[in-house]
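Text of input-v3.cif (mmCIF, C-alpha atoms) as supplied:
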data_query
loop_
_atom_site.label_atom_id
_atom_site.label_comp_id
_atom_site.auth_asym_id
_atom_site.auth_seq_id
_atom_site.Cartn_x
_atom_site.Cartn_y
_atom_site.Cartn_z
CA MET Y 23 88.36 88.60 158.88
CA PRO Y 24 91.76 88.29 157.21
CA VAL Y 25 94.44 86.17 158.84
CA ARG Y 26 97.40 88.34 159.85
CA VAL Y 27 100.83 86.99 158.90
CA SER Y 28 103.53 87.16 161.54
CA GLU Y 29 106.11 84.87 159.92
CA PHE Y 30 108.69 86.88 158.04
CA SER Y 31 112.43 87.56 158.14
CA TRP Y 32 114.36 90.77 157.57
CA GLN Y 33 117.91 92.03 157.37
CA GLN Y 34 119.33 95.51 157.05
CA THR Y 35 122.32 97.58 156.07
CA PRO Y 36 122.79 101.29 156.78
CA ALA Y 37 121.23 102.05 153.35
CA ALA Y 38 118.53 99.37 152.84
CA VAL Y 39 116.22 96.83 154.46
CA PHE Y 40 115.66 93.34 152.97
CA LEU Y 41 112.33 91.78 153.91
CA SER Y 42 111.32 88.21 153.00
CA LEU Y 43 107.62 87.23 153.21
CA PRO Y 44 106.31 83.70 152.37
CA LEU Y 45 103.11 83.49 150.26
CA ARG Y 46 101.87 80.17 151.74
CA GLY Y 47 100.93 78.59 148.43
CA VAL Y 48 98.95 81.60 147.14
CA CYS Y 49 99.01 82.38 143.39
CA VAL Y 50 101.33 85.24 142.48
CA ARG Y 51 98.59 87.05 140.55
CA ASP Y 52 96.44 87.27 143.70
CA ALA Y 53 99.04 89.19 145.73
CA ASP Y 54 98.26 92.93 146.18
CA VAL Y 55 101.18 95.10 147.36
CA PHE Y 56 100.96 98.69 148.66
CA CYS Y 57 104.05 100.60 149.79
CA GLY Y 58 104.34 104.09 151.28
CA GLU Y 59 107.02 106.04 153.11
CA SER Y 60 106.08 104.62 156.51
CA TYR Y 61 103.62 101.85 155.65
CA LEU Y 62 103.85 98.50 153.86
CA LYS Y 63 100.89 96.19 153.18
CA VAL Y 64 100.58 92.87 151.32
CA ASN Y 65 97.12 91.38 150.83
CA PHE Y 66 96.97 87.77 149.54
CA SER Y 67 93.56 86.44 150.52
CA PRO Y 68 92.83 85.20 153.12
CA PHE Y 69 96.14 86.48 154.58
CA LEU Y 70 97.15 90.04 155.37
CA PHE Y 71 100.55 91.45 156.20
CA GLU Y 72 101.13 95.04 157.19
CA VAL Y 73 103.93 96.82 158.98
CA PHE Y 74 104.35 100.41 160.15
CA LEU Y 75 108.02 101.03 159.41
CA TYR Y 76 110.49 102.26 162.00
CA ALA Y 77 111.66 105.17 159.76
CA PRO Y 78 110.67 106.63 156.36
CA ILE Y 79 111.84 104.88 153.18
CA ASP Y 80 112.19 105.94 149.53
CA ASP Y 81 109.07 104.28 148.17
CA GLY Y 82 109.83 105.46 144.63
CA ASN Y 83 113.07 103.47 144.34
CA SER Y 84 112.16 100.53 146.56
CA LYS Y 85 111.54 97.19 144.84
CA ALA Y 86 109.49 94.01 145.34
CA LYS Y 87 110.34 90.70 143.65
CA ILE Y 88 107.65 87.98 143.65
CA GLY Y 89 108.47 84.36 142.88
CA ASN Y 90 109.03 80.88 144.32
CA ASP Y 91 106.12 81.31 146.80
CA MET Y 92 107.85 84.33 148.35
CA ILE Y 93 107.98 88.13 148.13
CA LEU Y 94 111.39 89.75 148.59
CA PHE Y 95 111.31 93.50 149.36
CA THR Y 96 114.31 95.80 148.97
CA LEU Y 97 113.45 98.99 150.89
CA TYR Y 98 115.89 101.90 150.59
CA LYS Y 99 116.16 104.12 153.67
CA LYS Y 100 115.94 107.88 153.42
CA GLU Y 101 118.57 108.26 156.17
CA PRO Y 102 121.52 105.82 156.34
CA VAL Y 103 121.09 104.60 159.97
CA MET Y 104 120.57 101.21 161.54
CA TRP Y 105 117.01 100.48 162.74
CA GLU Y 106 116.39 98.97 166.16
CA THR Y 107 113.27 97.16 164.95
CA LEU Y 108 111.41 96.78 161.64
CA SER Y 109 108.14 98.28 162.90
CA MET Y 110 107.53 101.49 164.75
CA PRO Y 111 107.26 100.87 168.52
CA GLY Y 112 104.25 101.98 170.60
CA VAL Y 113 101.76 102.35 167.74
CA ASN Y 114 98.09 102.35 168.76
CA LYS Y 115 95.01 101.99 166.55
CA GLU Y 116 94.54 105.74 166.04
CA MET Y 117 98.16 106.17 164.91
CA MET Y 118 97.81 103.18 162.61
CA GLN Y 119 94.69 104.69 161.00
CA ARG Y 120 96.41 108.09 160.57
CA ILE Y 121 99.49 106.45 158.99
CA ARG Y 122 97.27 104.41 156.62
CA GLU Y 123 95.28 107.48 155.53
CA LYS Y 124 98.42 109.57 155.11
CA SER Y 125 100.08 106.87 153.00
CA ILE Y 126 97.00 106.52 150.77
CA GLN Y 127 96.76 110.30 150.36
CA GLN Y 128 100.45 110.55 149.44
CA ALA Y 129 100.03 107.73 146.91
CA GLN Y 130 97.02 109.50 145.35
CA GLU Y 131 98.91 112.78 145.13
CA LYS Y 132 101.87 111.08 143.45
CA ALA Y 133 99.55 109.34 140.99
CA LYS Y 134 97.88 112.68 140.21
CA GLU Y 135 101.26 114.37 139.70
CA ALA Y 136 102.36 111.53 137.41
CA THR Y 137 99.13 111.83 135.39
CA GLU Y 138 99.56 115.61 135.06
CA ALA Y 139 103.20 115.19 134.05
CA LYS Y 140 102.18 112.63 131.45
CA SER Y 141 99.48 114.96 130.11
CA ALA Y 142 101.95 117.86 129.98
CA ALA Y 143 104.47 115.69 128.15
CA LYS Y 144 101.78 114.62 125.68
CA ARG Y 145 100.77 118.24 125.05
CA GLU Y 146 104.40 119.16 124.57
CA ASP Y 147 104.83 116.31 122.09
CA GLN Y 148 101.75 117.46 120.19
CA ARG Y 149 103.02 121.04 120.15
CA TYR Y 150 106.39 119.84 118.93
CA THR Y 151 104.73 117.72 116.22
CA LEU Y 152 102.67 120.67 115.04
CA GLY Y 153 105.76 122.86 115.05
CA VAL Y 154 107.69 120.35 112.95
CA MET Y 155 104.79 120.03 110.51
CA MET Y 156 104.50 123.81 110.25
CA LYS Y 157 108.23 124.05 109.56
CA ILE Y 158 107.98 121.39 106.85
CA GLU Y 159 105.01 123.15 105.30
CA GLU Y 160 106.85 126.47 105.41
CA GLU Y 161 109.78 124.93 103.56
CA GLU Y 162 107.45 123.36 100.99
CA ARG Y 163 105.60 126.66 100.54
CA LYS Y 164 108.90 128.49 100.06
CA LYS Y 165 110.00 125.87 97.54
CA ILE Y 166 106.73 126.26 95.62
CA GLU Y 167 107.04 130.05 95.67
CA ASP Y 168 110.60 129.80 94.33
CA MET Y 169 109.39 127.50 91.54
CA LYS Y 170 106.60 129.95 90.70
CA GLU Y 171 109.06 132.84 90.66
CA ASN Y 172 111.42 130.95 88.35
CA GLU Y 173 108.54 130.04 86.04
CA ARG Y 174 107.38 133.66 86.03
CA LYS Y 175 110.86 134.86 85.09
CA GLN Y 176 111.10 132.21 82.37
CA ALA Y 177 107.71 133.23 80.99
CA THR Y 178 108.75 136.90 81.06
CA ARG Y 179 111.94 136.11 79.13
CA GLU Y 180 110.00 134.08 76.57
CA LEU Y 181 107.45 136.90 76.17
CA GLU Y 182 110.20 139.47 75.66
CA ALA Y 183 111.86 137.23 73.08
CA TRP Y 184 108.54 136.81 71.25
CA LYS Y 185 107.97 140.58 71.24
CA GLU Y 186 111.47 141.12 69.85
CA SER Y 187 110.86 138.58 67.06
CA GLN Y 188 107.55 140.27 66.20
CA ARG Y 189 109.24 143.67 66.10
CA GLN Y 190 111.97 142.37 63.78
CA ALA Y 191 109.36 140.75 61.49
CA GLU Y 192 107.43 144.04 61.35
CA GLU Y 193 110.67 145.86 60.55
CA ARG Y 194 111.39 143.48 57.68
CA LYS Y 195 107.90 144.04 56.25
CA ARG Y 196 108.25 147.83 56.48
CA ILE Y 197 111.41 147.97 54.29
CA PRO Y 198 109.75 146.54 51.07
CA ARG Y 199 106.85 148.96 51.53
CA LYS Y 200 109.22 151.92 51.56
CA GLU Y 201 110.96 150.69 48.43
CA LYS Y 202 107.60 150.22 46.65
CA CYS Y 203 106.52 153.74 47.57
CA GLN Y 204 109.78 155.17 46.30
CA ARG Y 205 109.40 153.34 42.96
CA GLY Y 206 105.84 154.66 42.63
CA LYS Y 207 106.99 158.23 43.20
CA GLN Y 208 109.74 157.87 40.62
CA ALA Y 209 107.25 156.56 38.03
CA GLU Y 210 104.95 159.53 38.68
CA GLU Y 211 107.83 161.98 38.21
CA LYS Y 212 108.77 160.37 34.87
CA GLY Y 213 105.17 160.56 33.65
CA ALA Y 214 104.97 164.25 34.53
CA LEU Y 215 107.97 165.02 32.29
CA LYS Y 216 106.29 163.54 29.10
CA PRO Y 217 104.32 166.03 26.81
CA PRO Y 218 100.57 165.70 26.92
CA SER Y 219 99.18 163.64 24.02
CA LEU Y 220 96.43 164.96 21.79
CA PRO Y 221 93.02 163.40 22.10
CA ARG Y 222 92.23 160.82 19.42
CA LYS Y 223 89.24 161.29 17.22
CA VAL Y 224 86.63 158.72 17.94
CA PRO Y 225 84.46 157.77 14.98
CA PRO Y 226 80.78 158.43 15.59
CA ALA Y 227 78.83 155.51 16.75
CA ARG Y 228 76.42 154.01 14.30
CA LEU Y 229 72.94 154.60 15.48
CA PRO Y 230 70.40 151.93 14.71
CA GLU Y 231 67.75 152.83 12.21
CA ARG Y 232 64.20 153.23 13.36
CA GLY Y 233 62.11 150.22 12.77
CA ARG Y 234 59.93 147.75 14.52
CA ASN Y 235 62.72 146.73 17.05
CA TRP Y 236 63.70 150.27 18.07
CA GLU Y 237 61.99 150.19 21.46
CA ASN Y 238 63.14 146.59 22.20
CA ILE Y 239 66.82 147.52 21.89
CA PHE Y 240 66.66 150.22 24.58
CA SER Y 241 64.44 148.15 26.89
CA GLU Y 242 66.94 145.24 26.85
CA LYS Y 243 69.81 147.64 27.57
CA LEU Y 244 67.95 149.08 30.55
CA LYS Y 245 67.23 145.58 31.86
CA GLU Y 246 70.91 144.64 31.65
CA ASP Y 247 71.95 147.81 33.52
CA SER Y 248 69.35 147.31 36.32
CA ILE Y 249 70.36 143.69 37.27
CA PRO Y 250 72.67 143.81 40.36
CA ALA Y 251 75.78 141.66 40.74
CA PRO Y 252 75.40 138.41 42.74
CA ARG Y 253 76.26 138.62 46.41
CA SER Y 254 79.28 136.84 47.88
CA ALA Y 255 78.54 133.65 49.85
CA GLY Y 256 79.01 133.64 53.63
CA SER Y 257 77.79 132.15 56.94
CA ILE Y 258 76.21 133.89 59.93
CA GLN Y 259 76.75 132.54 63.45
CA ILE Y 260 73.63 132.75 65.64
CA SER Y 261 73.76 132.12 69.39
CA PHE Y 262 70.56 131.92 71.39
CA THR Y 263 70.29 133.05 75.01
CA PRO Y 264 69.53 130.00 77.23
CA ARG Y 265 66.07 130.08 78.70
CA VAL Y 266 65.94 129.33 82.43
CA PHE Y 267 62.59 128.47 83.95
CA PRO Y 268 62.16 129.79 87.52
CA THR Y 269 61.60 127.29 90.31
CA ALA Y 270 58.01 127.14 91.47
CA LEU Y 271 57.44 128.55 94.93
CA ARG Y 272 55.96 125.29 96.22
CA GLU Y 273 59.25 123.49 95.25
CA SER Y 274 61.60 126.20 96.55
CA GLN Y 275 63.91 125.58 99.54
CA VAL Y 276 64.54 129.21 100.40
CA ALA Y 277 63.47 128.77 104.02
CA GLU Y 278 65.65 125.66 104.50
CA GLU Y 279 68.64 127.35 102.85
CA GLU Y 280 68.27 130.41 105.09
CA GLU Y 281 68.05 128.16 108.16
CA TRP Y 282 71.20 126.28 107.04
CA LEU Y 283 73.11 129.55 106.54
CA HIS Y 284 71.92 130.75 109.98
CA LYS Y 285 73.14 127.49 111.59
CA GLN Y 286 76.52 127.81 109.85
CA ALA Y 287 76.91 131.38 111.12
CA GLU Y 288 76.04 130.31 114.68
CA ALA Y 289 78.50 127.39 114.45
CA ARG Y 290 81.30 129.79 113.50
CA ARG Y 291 80.57 131.87 116.61
CA ALA Y 292 80.39 128.86 118.99
CA MET Y 293 84.03 128.94 120.14
CA SER Y 294 85.40 127.61 123.48
CA THR Y 295 88.86 129.20 123.56
CA ASP Y 296 88.43 130.57 127.12
CA LEU Y 297 88.91 127.18 128.82
CA PRO Y 298 92.11 126.79 130.90
CA GLU Y 299 93.35 123.87 128.79
CA PHE Y 300 93.63 126.15 125.73
CA CYS Y 301 95.68 128.88 127.41
CA ASP Y 302 99.02 127.41 126.27
CA LEU Y 303 97.98 127.13 122.61
CA LYS Y 304 99.23 129.51 119.94
CA GLU Y 305 96.80 131.85 118.23
CA GLU Y 306 96.56 129.80 115.01
CA GLU Y 307 96.10 126.60 117.07
CA LYS Y 308 92.88 128.11 118.48
CA ASN Y 309 91.37 128.34 114.99
CA PRO Y 310 89.23 125.26 114.09
CA ASP Y 311 89.57 125.97 110.37
CA TRP Y 312 93.38 126.01 110.64
CA LEU Y 313 93.28 122.74 112.60
CA LYS Y 314 90.90 121.20 110.02
CA GLU Y 315 93.32 122.06 107.18
CA LYS Y 316 96.17 120.66 109.30
CA GLY Y 317 94.24 117.42 109.79
CA ASN Y 318 93.48 117.21 106.06
CA LYS Y 319 97.19 117.53 105.21
CA LEU Y 320 98.13 114.91 107.81
CA PHE Y 321 95.43 112.60 106.38
CA ALA Y 322 96.87 113.12 102.89
CA THR Y 323 100.29 112.00 104.19
CA GLU Y 324 98.64 108.90 105.79
CA ASN Y 325 99.46 110.13 109.32
CA TYR Y 326 95.98 109.23 110.55
CA LEU Y 327 96.68 109.34 114.32
CA ALA Y 328 98.05 112.88 114.12
CA ALA Y 329 95.09 113.87 111.93
CA VAL Y 330 92.68 112.51 114.59
CA ASP Y 331 94.50 114.60 117.24
CA ALA Y 332 94.10 117.74 115.12
CA TYR Y 333 90.38 117.07 114.57
CA ASN Y 334 89.91 116.29 118.30
CA LEU Y 335 91.39 119.65 119.28
CA ALA Y 336 89.27 121.45 116.68
CA ILE Y 337 86.09 119.75 117.95
CA ARG Y 338 86.93 120.68 121.53
CA LEU Y 339 87.24 124.30 120.36
CA ASN Y 340 84.02 124.18 118.30
CA SER Y 341 81.71 121.17 118.33
CA LYS Y 342 79.18 122.58 115.85
CA ILE Y 343 81.16 122.18 112.61
CA PRO Y 344 79.96 119.00 110.80
CA LEU Y 345 82.99 118.65 108.52
CA LEU Y 346 85.25 118.02 111.55
CA TYR Y 347 83.24 114.91 112.47
CA LEU Y 348 83.03 113.84 108.82
CA ASN Y 349 86.81 114.03 108.34
CA ARG Y 350 87.52 112.32 111.67
CA ALA Y 351 85.21 109.49 110.57
CA ALA Y 352 87.42 108.99 107.51
CA CYS Y 353 90.48 108.71 109.79
CA HIS Y 354 88.72 106.16 112.01
CA LEU Y 355 87.86 104.12 108.93
CA LYS Y 356 91.55 104.02 107.97
CA LEU Y 357 92.50 103.06 111.57
CA LYS Y 358 89.72 100.39 111.69
CA ASN Y 359 87.99 102.19 114.59
CA LEU Y 360 84.66 101.26 113.03
CA HIS Y 361 82.33 102.11 115.93
CA LYS Y 362 83.92 105.56 116.26
CA ALA Y 363 83.55 106.06 112.50
CA ILE Y 364 79.81 105.28 112.82
CA GLU Y 365 79.45 107.71 115.75
CA ASP Y 366 81.23 110.55 113.92
CA SER Y 367 79.26 109.99 110.68
CA SER Y 368 75.98 110.01 112.64
CA LYS Y 369 77.00 113.23 114.42
CA ALA Y 370 77.87 114.84 111.07
CA LEU Y 371 74.46 113.88 109.66
CA GLU Y 372 72.81 115.31 112.76
CA LEU Y 373 74.56 118.67 112.19
CA LEU Y 374 73.95 118.65 108.40
CA THR Y 375 70.33 119.72 108.76
CA PRO Y 376 68.15 120.93 107.16
CA PRO Y 377 69.04 119.02 103.96
CA VAL Y 378 69.79 121.56 101.20
CA SER Y 379 71.89 121.56 98.05
CA ASP Y 380 74.84 123.24 99.82
CA ASN Y 381 75.33 120.29 102.19
CA ALA Y 382 74.28 117.51 99.79
CA ASN Y 383 77.85 116.38 99.06
CA ALA Y 384 78.75 116.23 102.76
CA ARG Y 385 75.58 114.25 103.57
CA MET Y 386 76.34 111.79 100.78
CA LYS Y 387 79.89 111.25 102.12
CA ALA Y 388 78.57 110.76 105.67
CA HIS Y 389 76.14 108.05 104.52
CA VAL Y 390 78.87 106.31 102.49
CA ARG Y 391 81.36 106.32 105.37
CA ARG Y 392 78.83 105.06 107.89
CA GLY Y 393 77.69 102.41 105.40
CA THR Y 394 81.32 101.34 104.84
CA ALA Y 395 81.84 100.97 108.60
CA PHE Y 396 78.64 98.89 108.91
CA CYS Y 397 79.77 96.62 106.05
CA GLN Y 398 83.21 96.10 107.62
CA LEU Y 399 81.36 95.06 110.80
CA GLU Y 400 79.39 92.62 108.57
CA LEU Y 401 76.16 94.56 109.21
CA TYR Y 402 75.32 94.57 105.50
CA VAL Y 403 71.62 95.47 105.83
CA GLU Y 404 72.41 98.68 107.77
CA GLY Y 405 75.25 99.44 105.33
CA LEU Y 406 72.92 99.03 102.32
CA GLN Y 407 70.44 101.45 103.88
CA ASP Y 408 73.14 104.13 104.11
CA TYR Y 409 74.30 103.49 100.52
CA GLU Y 410 70.72 103.80 99.26
CA ALA Y 411 70.36 107.07 101.19
CA ALA Y 412 73.56 108.32 99.48
CA LEU Y 413 72.13 107.34 96.06
CA LYS Y 414 68.98 109.35 96.76
CA ILE Y 415 71.21 112.39 97.21
CA ASP Y 416 73.46 111.66 94.18
CA PRO Y 417 71.71 109.13 91.88
CA ALA Y 418 74.34 109.52 89.11
CA ASN Y 419 77.30 108.41 91.25
CA THR Y 420 78.48 105.21 89.56
CA VAL Y 421 80.94 104.29 92.33
CA VAL Y 422 78.20 104.30 94.98
CA GLN Y 423 75.91 102.39 92.60
CA ASN Y 424 78.51 99.65 92.10
CA ASP Y 425 79.23 99.37 95.84
CA ALA Y 426 75.50 99.17 96.63
CA GLU Y 427 75.09 96.39 94.04
CA LYS Y 428 77.97 94.45 95.63
CA ILE Y 429 76.34 94.75 99.06
CA ARG Y 430 73.01 93.47 97.64
CA ASN Y 431 74.80 90.48 96.15
CA ILE Y 432 76.47 89.75 99.50
CA ILE Y 433 73.12 89.97 101.31
CA GLN Y 434 71.44 87.67 98.79
CA GLY Y 435 74.32 85.20 98.98
CA THR Y 436 74.11 85.21 102.78
CA GLY Y 437 70.35 84.63 102.62
CA LEU Y 438 70.79 81.67 100.24
CA LYS Y 439 73.41 80.12 102.50
CA SER Y 440 71.17 80.47 105.57
CA GLN Y 441 68.29 78.76 103.68
CA ASP Y 442 70.55 75.87 102.66
#
What would the structure in this file look like if it were written as structure tokens?
Amino acid sequence: MPVRVSEFSWQQTPAAVFLSLPLRGVCVRDADVFCGESYLKVNFSPFLFEVFLYAPIDDGNSKAKIGNDMILFTLYKKEPVMWETLSMPGVNKEMMQRIREKSIQQAQEKAKEATEAKSAAKREDQRYTLGVMMKIEEEERKKIEDMKENERKQATRELEAWKESQRQAEERKRIPRKEKCQRGKQAEEKGALKPPSLPRKVPPARLPERGRNWENIFSEKLKEDSIPAPRSAGSIQISFTPRVFPTALRESQVAEEEEWLHKQAEARRAMSTDLPEFCDLKEEEKNPDWLKEKGNKLFATENYLAAVDAYNLAIRLNSKIPLLYLNRAACHLKLKNLHKAIEDSSKALELLTPPVSDNANARMKAHVRRGTAFCQLELYVEGLQDYEAALKIDPANTVVQNDAEKIRNIIQGTGLKSQD
């Protein structure tokens, strides 16, 4: 049974009541104060002080100052009148219980209202942040479009100038051709005016006399006439069609790839936009893909907390998309929330099944991020297991190979130290 305290002093003005309560050598941290409109309680074990006030007070503005083995209350009255006594007269046990329950219920309702107001303010801040980011992105997009338009105009002007230079060069080439044709026509006209010359008498050719070499002469002439001229040298380019060997049916992953595509299609349809908490969101804010791109841009600007908020909202809308967990794990790594990074990487690996070539890159990143979180927690053996799993997916990745080798060296060094 607690010991009830009856030693206290109080004073009042028309607007406030000043109550002084000694603590009797109790530590300040052990004092528990509860104040309502008509009820005041102080519990400092093994002592208990409670009073059912004469009239209602403004418990929101009232104050309590603890120090020097004493609690000093400043209770502001709701109505500026002088009280006859501090406590309500003629209060029985049933009235006391009703006043206690009413005060506790009022305190719970006020706490709930404060929590809801805080949540509404947080949602409003998030909406304002998204609006500001959208405005910034709109300005950047407009700036990029203006730059593209200026570059397009510049390229058009340069192309027109090049066409004009080509036309002028063609015009300059055409003028000498016309002059050459005119000179050729003039030469033909002059030749037509000259009288035709008589044919010259050609002396008869001397025929060889018949003898033993008569047939040899004509055979050599025929041989000379039948030999063709040598061909001009050149090179022929040959390109062969690449031969692709089909994958054997026993090594094919057609069934796994179809299952993966089916899971992706189901994940796109698994939306939760009908919940009451999403009623105030804009239409684009209900799209997980839009939120994922928003989180990626915030991550690129090193605003990791805002990126986590974007991924959180996207996951609440659709919890079946593995890339949301994978990207949020990267944010948690930057924020040093290592256990959350491990949880998100594990969830991403759980959703990235069955293992096919389409999700190989995502699975490799999930193993690397979970392994990095394990290593930062100094759990090097678990981290090495994830890095080796990533190397099985991408054996040619030199960065992962180097990191895995560093982890092996750390583990071996730790083992040597423990043996020493």
Residues matched by the PyMOL selection byres ((chain Y and resi 317) around 12), written as an MDAnalysis selection string | chainID Y and resid 152 155 307 310:316 318:337 345:350 352:353
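Comparing Y:Asp425, Y:Asp81, Y:Glu167, Y:Asp366 by their smallest distance to Phe56 in chain Y, the closest is Y:Asp81 (using all atoms listed in the file).
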Output of the PyMOL selection byres ((chain Y and resi 71) around 10), listed as a list in words =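 Going through the file, the PyMOL selection byres ((chain Y and resi 71) around 10) ends up selecting Pro24, Val25, Arg26, Val27, Ser28, Glu29, Phe30, Leu43, Val55, Leu62, Lys63, Val64, Asn65, Phe66, Phe69, Leu70, Glu72 and Val73 of chain Y.
With CA of Lys304 in chain Y on one side and CA of Gly153 in chain Y on the other, the separation reads 10.5 Å.
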Run the PyMOL selection byres ((chain Y and resi 107-109) around 8) on the file and write out the hits as an MDAnalysis selection string.
-> chainID Y and resid 32 73:76 105:106 110:111
So which residues touch Val422 in chain Y within 8 Å, counting only C-alpha atoms, skipping near sequence neighbours fewer than 6 positions away, as a ChimeraX atom specification?
-> /Y:390,409,412-413
What does the distance from CA of Asp52 in chain Y to CA of Met92 in chain Y come to in Å, to one decimal?
->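 Rounded to one decimal, the two atoms are 12.7 Å apart.
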Identify, on the basis of only C-alpha atoms, every residue whose closest approach to Thr35 in chain Y does not exceed 10 Å; exclude the query and any residue fewer than 5 positions from it along the same chain; express the result as a ChimeraX atom specification.
-> /Y:40,98-99,102-105
Write out as a ChimeraX atom specification which residues come within 12 Å of range 281-286 of chain Y when counting all atoms listed in the file, dropping same-chain ones fewer than 4 positions away.
-> /Y:275-277,290-292,340-345,373-382
What is the distance between CA of Ser367 in chain Y and CA of Arg385 in chain Y, in Å to one decimal?
-> 9.1 Å
Selected residue, from Y:Leu45, Y:Met117, Y:Leu339, Y:Ala255, that lies nearest to Ala289 in chain Y when counting all atoms listed in the file =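 For Ala289 in chain Y, the nearest of the candidates is Y:Leu339.
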From the list Y:Asn309, Y:Gln176, Y:Gln434, Y:Ser67, which residue is nearest Ala53 in chain Y when using all atoms listed in the file?
->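 For Ala53 in chain Y, the nearest of the given residues is Y:Ser67.
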